[in-house]
$ cat work-v3.txt   # compact mmCIF, C-alpha atoms and all ligand atoms
# COMPACT_ATOMS: atom_id res chain seq x y z
CA MET T 7 0.00 0.00 0.00
CA LYS T 8 2.92 2.34 0.73
CA ILE T 9 4.15 2.18 -2.86
CA LEU T 10 0.65 2.85 -4.21
CA GLU T 11 -0.01 5.73 -1.83
CA LYS T 12 3.37 7.30 -2.50
CA THR T 13 2.83 7.01 -6.26
CA LEU T 14 -0.62 8.61 -6.11
CA ASN T 15 0.89 11.50 -4.15
CA GLU T 16 3.64 11.98 -6.71
CA ILE T 17 1.34 12.61 -9.66
CA ASN T 18 1.57 16.33 -10.29
CA GLU T 19 0.17 19.00 -12.57
CA LEU T 20 1.59 19.44 -16.05
CA ASP T 21 4.03 22.27 -16.77
CA GLN T 22 1.55 25.01 -17.74
CA LYS T 23 4.24 27.48 -18.76
CA MET T 24 5.76 25.03 -21.23
CA MET T 25 2.32 24.24 -22.62
CA GLY T 26 1.73 27.95 -23.17
CA GLU T 27 5.07 28.24 -24.97
CA ALA T 28 4.28 25.21 -27.10
CA GLN T 29 0.96 26.72 -28.14
CA ILE T 30 2.58 30.05 -29.02
CA ARG T 31 5.21 28.30 -31.15
CA LEU T 32 2.62 26.11 -32.90
CA ASP T 33 0.66 29.26 -33.76
CA GLN T 34 3.80 30.85 -35.28
CA LEU T 35 4.63 27.91 -37.55
CA THR T 36 4.00 28.04 -41.30
CA LYS T 37 0.47 26.65 -41.38
CA PRO T 38 -2.99 28.02 -40.74
CA GLN T 39 -3.57 28.06 -36.99
CA GLY T 40 -4.72 24.71 -35.64
CA SER T 41 -4.49 23.04 -39.05
CA LEU T 42 -2.48 20.10 -37.75
CA GLY T 43 -5.43 19.32 -35.51
CA LYS T 44 -4.92 16.75 -32.80
CA LEU T 45 -1.22 16.49 -33.61
CA GLU T 46 -0.93 20.00 -32.19
CA GLU T 47 -2.87 19.01 -29.07
CA ILE T 48 -0.49 16.09 -28.62
CA ALA T 49 2.54 18.39 -28.96
CA VAL T 50 1.15 20.75 -26.30
CA LYS T 51 0.34 17.94 -23.89
CA LEU T 52 3.77 16.36 -24.40
CA ALA T 53 5.43 19.72 -23.63
CA GLY T 54 3.41 19.86 -20.41
CA ILE T 55 4.34 16.33 -19.39
CA TYR T 56 8.06 16.54 -20.10
CA GLY T 57 8.57 20.23 -19.30
CA GLU T 58 10.34 20.59 -22.66
CA LEU T 59 9.21 21.96 -26.01
CA PHE T 60 10.86 19.12 -27.92
CA PRO T 61 10.87 16.03 -25.71
CA GLU T 62 12.99 13.06 -26.72
CA LEU T 63 10.73 10.03 -27.23
CA GLN T 64 13.27 7.71 -28.78
CA ASN T 65 13.02 4.88 -26.25
CA LYS T 66 9.59 3.34 -26.47
CA VAL T 67 8.62 0.49 -24.17
CA HIS T 68 5.48 -1.57 -24.54
CA ILE T 69 4.38 -3.44 -21.42
CA ILE T 70 2.01 -6.41 -21.81
CA MET T 71 0.26 -7.77 -18.73
CA ALA T 72 -0.83 -11.41 -19.05
CA GLY T 73 -3.43 -13.07 -16.85
CA ASP T 74 -6.16 -15.67 -16.80
CA HIS T 75 -9.75 -15.40 -15.62
CA GLY T 76 -11.86 -17.84 -13.63
CA VAL T 77 -14.95 -16.26 -15.18
CA ALA T 78 -13.97 -17.95 -18.47
CA ALA T 79 -15.74 -21.01 -17.01
CA GLU T 80 -19.06 -19.14 -17.48
CA GLY T 81 -18.73 -19.33 -21.28
CA VAL T 82 -18.03 -15.61 -21.78
CA SER T 83 -15.32 -16.00 -24.44
CA ALA T 84 -15.29 -17.48 -27.92
CA TYR T 85 -11.85 -19.00 -27.21
CA PRO T 86 -10.55 -21.47 -24.60
CA GLN T 87 -8.62 -20.23 -21.60
CA SER T 88 -5.47 -22.06 -22.76
CA VAL T 89 -5.02 -19.42 -25.48
CA THR T 90 -3.65 -16.98 -22.89
CA THR T 91 -0.56 -19.14 -22.28
CA GLN T 92 -0.26 -20.10 -25.94
CA MET T 93 -0.26 -16.44 -26.94
CA VAL T 94 2.40 -15.59 -24.37
CA HIS T 95 4.57 -18.35 -25.89
CA ASN T 96 3.86 -16.73 -29.25
CA PHE T 97 4.92 -13.28 -27.94
CA LEU T 98 8.14 -14.79 -26.61
CA ALA T 99 8.78 -16.46 -29.98
CA ASN T 100 8.19 -13.16 -31.82
CA GLY T 101 5.18 -14.49 -33.75
CA ALA T 102 2.25 -12.34 -32.65
CA ALA T 103 0.72 -9.20 -34.14
CA ILE T 104 2.23 -7.17 -31.31
CA ASN T 105 5.73 -8.38 -32.21
CA ALA T 106 5.30 -7.27 -35.81
CA LEU T 107 3.80 -3.92 -34.87
CA ALA T 108 6.29 -3.20 -32.07
CA GLU T 109 9.10 -3.81 -34.55
CA GLY T 110 7.47 -1.39 -36.98
CA SER T 111 7.04 1.29 -34.32
CA GLY T 112 10.47 0.79 -32.75
CA ALA T 113 9.12 -0.29 -29.36
CA LYS T 114 10.77 -2.72 -26.97
CA LEU T 115 8.44 -5.38 -25.55
CA LYS T 116 8.17 -6.37 -21.90
CA ILE T 117 5.83 -9.24 -21.14
CA VAL T 118 4.72 -9.66 -17.55
CA ASP T 119 3.04 -12.71 -16.04
CA ILE T 120 0.82 -11.00 -13.48
CA GLY T 121 -1.68 -13.85 -13.17
CA MET T 122 -1.46 -16.63 -15.69
CA ILE T 123 -2.67 -20.06 -14.60
CA GLU T 124 0.33 -21.78 -16.12
CA ASP T 125 3.95 -20.86 -15.57
CA ILE T 126 6.27 -20.30 -18.49
CA ASP T 127 9.93 -20.94 -17.95
CA SER T 128 11.57 -18.19 -19.99
CA GLU T 129 14.08 -15.54 -19.11
CA LEU T 130 12.29 -13.22 -21.51
CA LEU T 131 9.18 -13.23 -19.32
CA VAL T 132 8.89 -10.97 -16.27
CA LYS T 133 7.57 -13.15 -13.47
CA ALA T 134 5.30 -11.15 -11.19
CA LYS T 135 2.42 -13.53 -10.69
CA ILE T 136 0.05 -12.40 -7.93
CA LYS T 137 -1.86 -15.65 -8.25
CA ALA T 138 -2.78 -18.25 -10.85
CA GLY T 139 -5.70 -16.43 -12.44
CA THR T 140 -8.26 -13.85 -11.37
CA GLU T 141 -11.09 -15.65 -9.54
CA ASN T 142 -14.51 -16.30 -11.03
CA MET T 143 -16.33 -13.11 -10.02
CA THR T 144 -19.75 -14.73 -10.21
CA LYS T 145 -18.81 -16.82 -7.17
CA GLY T 146 -16.89 -14.32 -5.08
CA ALA T 147 -14.53 -11.37 -5.45
CA ALA T 148 -12.20 -11.36 -8.46
CA MET T 149 -9.36 -10.86 -5.99
CA THR T 150 -8.82 -9.60 -2.46
CA ARG T 151 -8.19 -5.92 -1.83
CA GLU T 152 -4.61 -6.80 -0.88
CA GLU T 153 -4.12 -8.64 -4.18
CA ALA T 154 -5.53 -5.67 -6.08
CA ILE T 155 -3.04 -3.37 -4.36
CA LYS T 156 -0.18 -5.79 -5.04
CA ALA T 157 -1.15 -6.03 -8.71
CA LEU T 158 -1.26 -2.22 -8.99
CA GLU T 159 2.17 -2.12 -7.38
CA VAL T 160 3.53 -4.66 -9.88
CA GLY T 161 2.53 -2.22 -12.62
CA ILE T 162 4.09 0.72 -10.78
CA GLU T 163 7.34 -1.27 -10.36
CA GLN T 164 7.38 -2.25 -14.03
CA ALA T 165 6.89 1.36 -15.13
CA LYS T 166 9.67 2.41 -12.78
CA LYS T 167 12.02 -0.27 -14.09
CA ALA T 168 11.25 0.66 -17.69
CA VAL T 169 12.03 4.33 -17.00
CA GLU T 170 15.21 3.42 -15.13
CA GLU T 171 16.24 1.45 -18.20
CA GLY T 172 15.65 4.51 -20.36
CA ALA T 173 12.00 4.47 -21.42
CA ASP T 174 10.80 7.87 -22.63
CA ILE T 175 7.24 6.79 -23.42
CA ILE T 176 5.28 3.68 -22.40
CA SER T 177 2.39 1.92 -24.06
CA THR T 178 0.14 -0.65 -22.41
CA GLY T 179 -1.28 -3.95 -23.57
CA GLU T 180 -2.58 -7.25 -22.28
CA VAL T 181 -3.63 -10.76 -23.04
CA GLY T 182 -6.14 -12.76 -21.03
CA ILE T 183 -8.97 -14.88 -22.33
CA ALA T 184 -12.29 -13.57 -20.91
CA ASN T 185 -10.88 -10.22 -19.85
CA THR T 186 -13.42 -8.13 -21.79
CA THR T 187 -15.91 -9.41 -19.18
CA PRO T 188 -14.27 -7.78 -16.12
CA SER T 189 -13.41 -4.72 -18.25
CA SER T 190 -17.09 -4.24 -19.09
CA ALA T 191 -18.03 -4.89 -15.46
CA VAL T 192 -15.62 -2.23 -14.20
CA LEU T 193 -17.01 0.24 -16.74
CA ALA T 194 -20.61 -0.58 -15.79
CA VAL T 195 -20.00 -0.14 -12.07
CA PHE T 196 -18.08 3.13 -12.36
CA THR T 197 -20.52 4.72 -14.80
CA GLY T 198 -23.88 3.03 -14.18
CA LEU T 199 -24.26 2.52 -17.94
CA GLU T 200 -26.59 -0.27 -19.01
CA LEU T 201 -24.82 -3.51 -19.84
CA ASN T 202 -26.59 -3.94 -23.16
CA LYS T 203 -25.06 -0.61 -24.31
CA ILE T 204 -21.48 -1.52 -23.44
CA VAL T 205 -20.96 -5.28 -23.67
CA GLY T 206 -19.52 -6.56 -26.94
CA LYS T 207 -18.50 -9.79 -28.58
CA GLY T 208 -14.87 -9.76 -27.39
CA THR T 209 -12.92 -12.39 -29.32
CA GLY T 210 -16.06 -13.22 -31.33
CA LEU T 211 -19.16 -14.29 -29.40
CA ASN T 212 -22.44 -14.62 -31.27
CA GLU T 213 -25.61 -12.80 -30.18
CA GLU T 214 -26.55 -15.53 -27.72
CA GLY T 215 -23.04 -15.49 -26.30
CA VAL T 216 -23.22 -11.73 -25.73
CA LYS T 217 -26.55 -12.19 -23.90
CA ASN T 218 -24.96 -14.79 -21.62
CA LYS T 219 -21.99 -12.46 -21.04
CA ILE T 220 -24.38 -9.70 -19.95
CA ASP T 221 -26.11 -12.10 -17.53
CA VAL T 222 -22.76 -13.22 -16.14
CA ILE T 223 -21.61 -9.62 -15.57
CA GLN T 224 -24.92 -8.75 -13.91
CA LYS T 225 -24.62 -11.80 -11.67
CA ALA T 226 -21.08 -10.80 -10.65
CA ILE T 227 -22.15 -7.23 -9.86
CA ASP T 228 -25.18 -8.43 -7.86
CA TYR T 229 -23.06 -10.92 -5.95
CA ASN T 230 -20.17 -8.59 -5.11
CA LYS T 231 -22.08 -5.27 -4.82
CA PRO T 232 -18.98 -3.16 -5.45
CA ASP T 233 -18.92 0.35 -3.99
CA LYS T 234 -18.41 2.63 -7.00
CA GLU T 235 -16.99 5.36 -4.75
CA ASP T 236 -14.19 3.00 -3.73
CA ALA T 237 -12.06 2.27 -6.80
CA LEU T 238 -10.07 -0.45 -5.03
CA ASP T 239 -13.30 -2.22 -4.12
CA VAL T 240 -14.48 -2.12 -7.74
CA LEU T 241 -11.14 -3.44 -8.99
CA ALA T 242 -11.01 -6.21 -6.39
CA SER T 243 -14.67 -7.22 -6.81
CA VAL T 244 -15.11 -7.31 -10.58
CA GLY T 245 -11.74 -6.37 -12.09
CA GLY T 246 -8.76 -8.43 -13.11
CA LEU T 247 -5.08 -8.79 -12.32
CA GLU T 248 -3.91 -7.46 -15.69
CA ILE T 249 -6.36 -4.53 -15.47
CA ALA T 250 -4.80 -3.66 -12.11
CA GLY T 251 -1.29 -4.14 -13.51
CA MET T 252 -1.92 -1.79 -16.43
CA ALA T 253 -3.53 0.80 -14.11
CA GLY T 254 -0.34 0.56 -12.03
CA VAL T 255 1.82 1.17 -15.11
CA MET T 256 -0.23 4.29 -15.88
CA LEU T 257 0.04 5.63 -12.33
CA GLY T 258 3.74 4.80 -12.06
CA ALA T 259 4.60 6.40 -15.39
CA ALA T 260 2.58 9.53 -14.56
CA ALA T 261 4.38 9.87 -11.24
CA MET T 262 7.66 9.86 -13.22
CA LYS T 263 6.31 12.41 -15.72
CA LYS T 264 6.20 10.06 -18.68
CA ALA T 265 3.46 9.76 -21.28
CA VAL T 266 1.47 6.52 -21.35
CA VAL T 267 -0.52 5.29 -24.33
CA ILE T 268 -3.81 3.43 -23.81
CA ASP T 269 -4.92 0.58 -26.08
CA GLY T 270 -8.34 -1.10 -26.37
CA LEU T 271 -11.15 -1.95 -23.99
CA ILE T 272 -9.11 -3.66 -21.28
CA SER T 273 -6.38 -1.03 -21.26
CA ALA T 274 -9.07 1.68 -21.17
CA ALA T 275 -10.77 -0.05 -18.21
CA ALA T 276 -7.38 0.14 -16.52
CA ALA T 277 -7.16 3.86 -17.40
CA LEU T 278 -10.62 4.43 -15.89
CA THR T 279 -9.57 2.61 -12.72
CA ALA T 280 -6.35 4.63 -12.50
CA TYR T 281 -8.40 7.81 -13.01
CA LYS T 282 -10.78 6.84 -10.20
CA LEU T 283 -7.77 6.28 -7.93
CA CYS T 284 -6.17 9.58 -8.96
CA PRO T 285 -7.98 11.86 -11.45
CA GLY T 286 -4.73 13.73 -12.22
CA VAL T 287 -3.31 10.68 -13.99
CA VAL T 288 -5.41 11.40 -17.07
CA LYS T 289 -3.17 14.35 -17.96
CA TYR T 290 -0.39 11.83 -18.69
CA LEU T 291 -2.56 9.42 -20.66
CA PHE T 292 -2.97 9.38 -24.40
CA PRO T 293 -5.63 7.47 -26.30
CA SER T 294 -4.64 5.65 -29.47
CA HIS T 295 -7.19 3.70 -31.52
CA ARG T 296 -10.90 3.21 -31.10
CA SER T 297 -11.68 -0.44 -30.39
CA ALA T 298 -14.64 -2.14 -32.02
CA GLU T 299 -15.83 -3.04 -28.49
CA PRO T 300 -18.79 -0.70 -27.74
CA GLY T 301 -17.70 0.00 -24.16
CA HIS T 302 -14.37 1.44 -25.25
CA ILE T 303 -15.64 4.80 -26.49
CA LYS T 304 -17.81 5.11 -23.38
CA ILE T 305 -14.68 5.00 -21.24
CA TYR T 306 -13.15 7.74 -23.35
CA GLU T 307 -16.25 9.85 -22.83
CA GLU T 308 -15.71 9.46 -19.06
CA LEU T 309 -12.04 10.37 -19.35
CA ASN T 310 -12.68 13.23 -21.77
CA LEU T 311 -10.19 11.77 -24.26
CA GLU T 312 -10.73 10.97 -27.92
CA PRO T 313 -9.07 8.12 -29.83
CA PHE T 314 -7.52 9.26 -33.11
CA ILE T 315 -7.19 6.00 -35.09
CA ASP T 316 -10.12 3.84 -36.11
CA LEU T 317 -9.17 0.65 -37.92
CA GLN T 318 -11.97 -1.46 -36.38
CA MET T 319 -9.36 -3.39 -34.42
CA ARG T 320 -10.27 -5.53 -31.40
CA LEU T 321 -7.24 -7.71 -30.87
CA GLY T 322 -5.76 -6.36 -27.67
CA GLU T 323 -2.07 -7.01 -26.84
CA GLY T 324 -1.62 -3.25 -27.08
CA THR T 325 -1.65 -3.41 -30.88
CA GLY T 326 -3.52 -0.10 -31.24
CA ALA T 327 -1.30 1.66 -28.72
CA VAL T 328 1.89 0.53 -30.44
CA LEU T 329 0.50 1.48 -33.82
CA ALA T 330 -0.02 5.00 -32.48
CA LEU T 331 3.49 5.46 -31.05
CA PRO T 332 4.96 7.10 -34.20
CA PHE T 333 2.24 9.79 -33.98
CA PHE T 334 3.97 11.11 -30.88
CA ASP T 335 7.29 11.37 -32.72
CA GLN T 336 5.51 13.23 -35.49
CA ALA T 337 3.98 15.67 -33.01
CA VAL T 338 7.48 16.48 -31.77
CA ASN T 339 8.77 16.66 -35.37
CA ILE T 340 6.32 19.40 -36.32
CA ILE T 341 6.90 21.62 -33.31
CA ARG T 342 10.68 21.16 -33.50
CA ASP T 343 11.40 21.15 -37.24
CA MET T 344 8.90 23.47 -38.89
CA ALA T 345 9.86 27.05 -39.66
CA THR T 346 7.92 29.98 -38.27
CA PHE T 347 6.33 32.49 -40.68
CA GLU T 348 9.12 34.91 -39.78
CA GLU T 349 11.94 32.41 -40.39
CA ALA T 350 10.49 31.28 -43.71
CA GLY T 351 9.60 34.77 -44.91
CA VAL T 352 6.00 33.70 -45.52
CA SER T 353 3.48 36.46 -44.95
CA LYS T 354 0.64 35.91 -42.56
CA GLU T 355 -1.41 39.00 -43.36
CA ASN T 356 -3.61 39.51 -46.36
CA GLU T 357 -2.36 42.73 -47.95
O1 LIG T 401 -8.46 -4.46 -27.01
C1 LIG T 401 -9.66 -4.72 -27.20
O2 LIG T 401 -10.50 -3.83 -27.31
C2 LIG T 401 -10.05 -6.18 -27.24
C3 LIG T 401 -11.32 -6.51 -27.66
C4 LIG T 401 -11.66 -7.85 -27.73
C5 LIG T 401 -10.74 -8.84 -27.38
N1 LIG T 401 -9.50 -8.48 -26.95
C6 LIG T 401 -8.51 -9.54 -26.58
O3 LIG T 401 -9.17 -10.80 -26.53
C7 LIG T 401 -9.12 -11.36 -25.24
C8 LIG T 401 -10.39 -11.08 -24.48
O4 LIG T 401 -11.55 -11.35 -25.23
P1 LIG T 401 -12.65 -12.28 -24.57
O5 LIG T 401 -13.67 -12.47 -25.63
O6 LIG T 401 -11.92 -13.56 -24.24
O7 LIG T 401 -13.14 -11.55 -23.38
C9 LIG T 401 -7.95 -10.72 -24.56
O8 LIG T 401 -6.81 -11.50 -24.74
C10 LIG T 401 -7.84 -9.36 -25.23
O9 LIG T 401 -6.51 -9.01 -25.42
C11 LIG T 401 -9.16 -7.18 -26.89
C1 LIG T 402 -5.66 -15.87 -31.07
C2 LIG T 402 -5.84 -14.79 -30.04
C3 LIG T 402 -4.84 -13.79 -29.89
C4 LIG T 402 -5.01 -12.83 -28.90
N1 LIG T 402 -4.27 -11.76 -28.53
C5 LIG T 402 -4.87 -11.13 -27.53
N2 LIG T 402 -5.98 -11.76 -27.26
C6 LIG T 402 -6.13 -12.81 -28.08
C7 LIG T 402 -7.12 -13.78 -28.23
C8 LIG T 402 -6.98 -14.76 -29.20
C9 LIG T 402 -8.04 -15.81 -29.34

$ encode --input "work-v3.txt" --output "structure tokens"
Amino acid sequence: MKILEKTLNEINELDQKMMGEAQIRLDQLTKPQGSLGKLEEIAVKLAGIYGELFPELQNKVHIIMAGDHGVAAEGVSAYPQSVTTQMVHNFLANGAAINALAEGSGAKLKIVDIGMIEDIDSELLVKAKIKAGTENMTKGAAMTREEAIKALEVGIEQAKKAVEEGADIISTGEVGIANTTPSSAVLAVFTGLELNKIVGKGTGLNEEGVKNKIDVIQKAIDYNKPDKEDALDVLASVGGLEIAGMAGVMLGAAAMKKAVVIDGLISAAAALTAYKLCPGVVKYLFPSHRSAEPGHIKIYEELNLEPFIDLQMRLGEGTGAVLALPFFDQAVNIIRDMATFEEAGVSKENE
């Protein structure tokens, strides 16, 4: 708890002066004001986070949290639970979508076992298992409050380690069969939104499967009765170990004044949890793509963020977040490399 509390206390305001300077410079560059749209907003926010007009974002680290879910036994996923371990093997063997995309975006991968049922004996895997799978939340709490805190602290530690090893910017991802179920549950509890407006097909349920998933989530909420004013209670009751781990990464990175990129539904549920623990964290968070899961955009509405890529992706692993990483380099490129009207001798006024 000490690490969590300390981290929450270390999340500070952005550098307003630097953001003001960034905006002034962007307005002086050779383009109609605001014409680079959200890229300009990103440049201003980055200046505020790093306290520099042209932050160095060379070292990109993508952290994947892997965990299993007891609720998979309720038939909420189109795939068997064993896929979680198989996909982690695939990550370690460089064969997954995230490996290809991380290579393309120049990001280093860190894969963390925060709660897989099986153990994988590989030096490439970070072993930080809290327990062998999040519990079946229809039959009790997903985890204890202590386990939720520990899982958050695993994420904080991983963010800290990544930054100590040179990370300038961090993106978040996950794998865990059935984890769109707790993600939707967390969203429903925090917002009170109706389940039929936010629950989607995940890995590919049919209509009947989605109906069952809604019933399962409702059963878990009724059984656990999470207190929406107590974010730790929500996380422990109907969350998941990898959701907690990713929320920890976000909090830890924000405390160290680093930007963090959110991915799809599960990563966004982590962002919402982190926000409920410390609203200031959102200033350090960037959206990336819009997931095809209907709950995803609802989380962004809560966080007042807007995803800027829409490729109808719903894979997870952090694929959307990693895809977006070069956008941040491009935001720095424009504010750093463009000429001002004065430098270029281009006239601003209509004569
Ligand atoms: O990122 C998303 O929005 C997303 C949407 C649907 C599925 N996923 C991935 O698929 C798994 C969870 O889906 P499900 O159907 O098993 O709950 C998990 O491994 C996620 O990484 C991810
Ligand atoms: C094949 C497969 C790959 C995944 N990657 C993240 N979640 C996944 C779920 C499945 C089923």

$ closest_atom_pairs --input "work-v3.txt" --of "chain T" --to "ligand LIG 401 (chain T)" --cutoff "6 Å" --atoms "only C-alpha atoms and all ligand atoms" --output "tab-separated table"
residue	atom	partner	partner_atom	distance
T:Ser83	CA	T:LIG401	O5	4.1
T:Ala84	CA	T:LIG401	O5	5.7
T:Glu180	CA	T:LIG401	O9	5.3
T:Val181	CA	T:LIG401	O8	3.7
T:Gly182	CA	T:LIG401	O8	4.0
T:Ile183	CA	T:LIG401	O6	3.8
T:Ala184	CA	T:LIG401	O7	3.3
T:Asn185	CA	T:LIG401	O7	4.4
T:Thr186	CA	T:LIG401	O7	3.8
T:Thr187	CA	T:LIG401	O7	5.5
T:Gly208	CA	T:LIG401	O5	3.4
T:Thr209	CA	T:LIG401	O5	3.8
T:Gly270	CA	T:LIG401	O1	3.4
T:Leu271	CA	T:LIG401	O2	3.9
T:Ile272	CA	T:LIG401	O1	5.8
T:Ser297	CA	T:LIG401	O2	4.7
T:Glu299	CA	T:LIG401	O2	5.5
T:Arg320	CA	T:LIG401	C3	4.0
T:Leu321	CA	T:LIG401	C11	4.5
T:Gly322	CA	T:LIG401	O1	3.4
T:Glu323	CA	T:LIG401	O9	5.1

$ residues_around --input "work-v3.txt" --residues "T:Ala49" --least-positions-apart "3" --cutoff "12 Å" --atoms "all atoms listed in the file" --output "PDB file with C-alpha atoms, keeping the file's coordinate frame"
ATOM      1  CA  MET T  24       5.760  25.030 -21.230  1.00  0.00           C
ATOM      2  CA  MET T  25       2.320  24.240 -22.620  1.00  0.00           C
ATOM      3  CA  GLY T  26       1.730  27.950 -23.170  1.00  0.00           C
ATOM      4  CA  GLU T  27       5.070  28.240 -24.970  1.00  0.00           C
ATOM      5  CA  ALA T  28       4.280  25.210 -27.100  1.00  0.00           C
ATOM      6  CA  GLN T  29       0.960  26.720 -28.140  1.00  0.00           C
ATOM      7  CA  ILE T  30       2.580  30.050 -29.020  1.00  0.00           C
ATOM      8  CA  ARG T  31       5.210  28.300 -31.150  1.00  0.00           C
ATOM      9  CA  LEU T  32       2.620  26.110 -32.900  1.00  0.00           C
ATOM     10  CA  GLY T  40      -4.720  24.710 -35.640  1.00  0.00           C
ATOM     11  CA  LEU T  42      -2.480  20.100 -37.750  1.00  0.00           C
ATOM     12  CA  GLY T  43      -5.430  19.320 -35.510  1.00  0.00           C
ATOM     13  CA  LYS T  44      -4.920  16.750 -32.800  1.00  0.00           C
ATOM     14  CA  LEU T  45      -1.220  16.490 -33.610  1.00  0.00           C
ATOM     15  CA  GLU T  46      -0.930  20.000 -32.190  1.00  0.00           C
ATOM     16  CA  LEU T  52       3.770  16.360 -24.400  1.00  0.00           C
ATOM     17  CA  ALA T  53       5.430  19.720 -23.630  1.00  0.00           C
ATOM     18  CA  GLY T  54       3.410  19.860 -20.410  1.00  0.00           C
ATOM     19  CA  ILE T  55       4.340  16.330 -19.390  1.00  0.00           C
ATOM     20  CA  TYR T  56       8.060  16.540 -20.100  1.00  0.00           C
ATOM     21  CA  GLY T  57       8.570  20.230 -19.300  1.00  0.00           C
ATOM     22  CA  GLU T  58      10.340  20.590 -22.660  1.00  0.00           C
ATOM     23  CA  LEU T  59       9.210  21.960 -26.010  1.00  0.00           C
ATOM     24  CA  PHE T  60      10.860  19.120 -27.920  1.00  0.00           C
ATOM     25  CA  PRO T  61      10.870  16.030 -25.710  1.00  0.00           C
ATOM     26  CA  GLU T  62      12.990  13.060 -26.720  1.00  0.00           C
ATOM     27  CA  LEU T  63      10.730  10.030 -27.230  1.00  0.00           C
ATOM     28  CA  ALA T 265       3.460   9.760 -21.280  1.00  0.00           C
ATOM     29  CA  PHE T 292      -2.970   9.380 -24.400  1.00  0.00           C
ATOM     30  CA  PHE T 333       2.240   9.790 -33.980  1.00  0.00           C
ATOM     31  CA  PHE T 334       3.970  11.110 -30.880  1.00  0.00           C
ATOM     32  CA  ASP T 335       7.290  11.370 -32.720  1.00  0.00           C
ATOM     33  CA  GLN T 336       5.510  13.230 -35.490  1.00  0.00           C
ATOM     34  CA  ALA T 337       3.980  15.670 -33.010  1.00  0.00           C
ATOM     35  CA  VAL T 338       7.480  16.480 -31.770  1.00  0.00           C
ATOM     36  CA  ASN T 339       8.770  16.660 -35.370  1.00  0.00           C
ATOM     37  CA  ILE T 340       6.320  19.400 -36.320  1.00  0.00           C
ATOM     38  CA  ILE T 341       6.900  21.620 -33.310  1.00  0.00           C
ATOM     39  CA  ARG T 342      10.680  21.160 -33.500  1.00  0.00           C
TER      40      ARG T 342
END

$ axis_aligned_box --input "work-v3.txt" --around "ligand LIG 402 (chain T)" --padding-each-side "5 Å" --output "lines of an AutoDock Vina configuration file"
center_x = -6.2
center_y = -13.5
center_z = -29.2
size_x = 13.8
size_y = 14.7
size_z = 13.8

$ closest_residue --input "work-v3.txt" --among "T:Asn310, T:Gln318, T:Thr325, T:Thr178" --to "ligand LIG 402 (chain T)" --atoms "all atoms listed in the file"
T:Thr325

$ atom_distance --input "work-v3.txt" --atom1 "atom CA of T:Lys23" --atom2 "atom CA of T:Tyr290"
16.3 Å

$ atom_distance --input "work-v3.txt" --atom1 "atom CA of T:Ser177" --atom2 "atom CA of T:Gly324"
7.2 Å

$ atom_distance --input "work-v3.txt" --atom1 "atom CA of T:Pro293" --atom2 "atom CA of T:Glu153"
27.4 Å

$ residues_near_point --input "work-v3.txt" --point "(-11.2, -4.5, -3.4)" --cutoff "8 Å" --atoms "only C-alpha atoms" --output "list in words"
Ala147, Met149, Thr150, Arg151, Glu152, Ala154, Ala237, Leu238, Asp239, Val240, Leu241, Ala242 and Ser243 of chain T

$ closest_residue --input "work-v3.txt" --among "T:Val82, T:Ile227, T:Ile126, T:Val67" --to "T:Gly112" --atoms "only C-alpha atoms"
T:Val67

$ closest_residue --input "work-v3.txt" --among "T:Gln64, T:Asn142, T:Thr279, T:Gln92" --to "T:Glu235" --atoms "only C-alpha atoms"
T:Thr279

$ residues_around --input "work-v3.txt" --residues "T:Met256" --least-positions-apart "6" --cutoff "12 Å" --atoms "only C-alpha atoms" --output "PyMOL selection string"
chain T and resi 10+13-14+17+68-69+158-166+175-179+249-250+262-269+273-281+283-292

$ residues_near_point --input "work-v3.txt" --point "(-19.5, -0.5, -14.5)" --cutoff "12 Å" --atoms "all atoms listed in the file" --output "PyMOL selection string"
chain T and resi 187-205+220+223-224+226-228+231-235+237+240-241+243-245+275+278-279+301+304-305+308

$ closest_residue --input "work-v3.txt" --among "T:Ala103, T:Leu35, T:Val77, T:Ala260" --to "T:Asp343" --atoms "only C-alpha atoms"
T:Leu35

$ closest_atom_pairs --input "work-v3.txt" --of "stretch 128-243 of chain T" --to "stretch 116-122 of chain T" --cutoff "8 Å" --atoms "only C-alpha atoms" --output "CSV"
residue,atom,partner,partner_atom,distance
T:Leu130,CA,T:Ile117,CA,7.6
T:Leu131,CA,T:Ile117,CA,5.5
T:Val132,CA,T:Val118,CA,4.6
T:Lys133,CA,T:Asp119,CA,5.2
T:Ala134,CA,T:Ile120,CA,5.0
T:Lys135,CA,T:Ile120,CA,4.1
T:Ile136,CA,T:Gly121,CA,5.7
T:Lys137,CA,T:Gly121,CA,5.2
T:Ala138,CA,T:Gly121,CA,5.1
T:Gly139,CA,T:Gly121,CA,4.8
T:Thr140,CA,T:Gly121,CA,6.8
T:Ala157,CA,T:Ile120,CA,7.2
T:Val160,CA,T:Ile120,CA,7.8
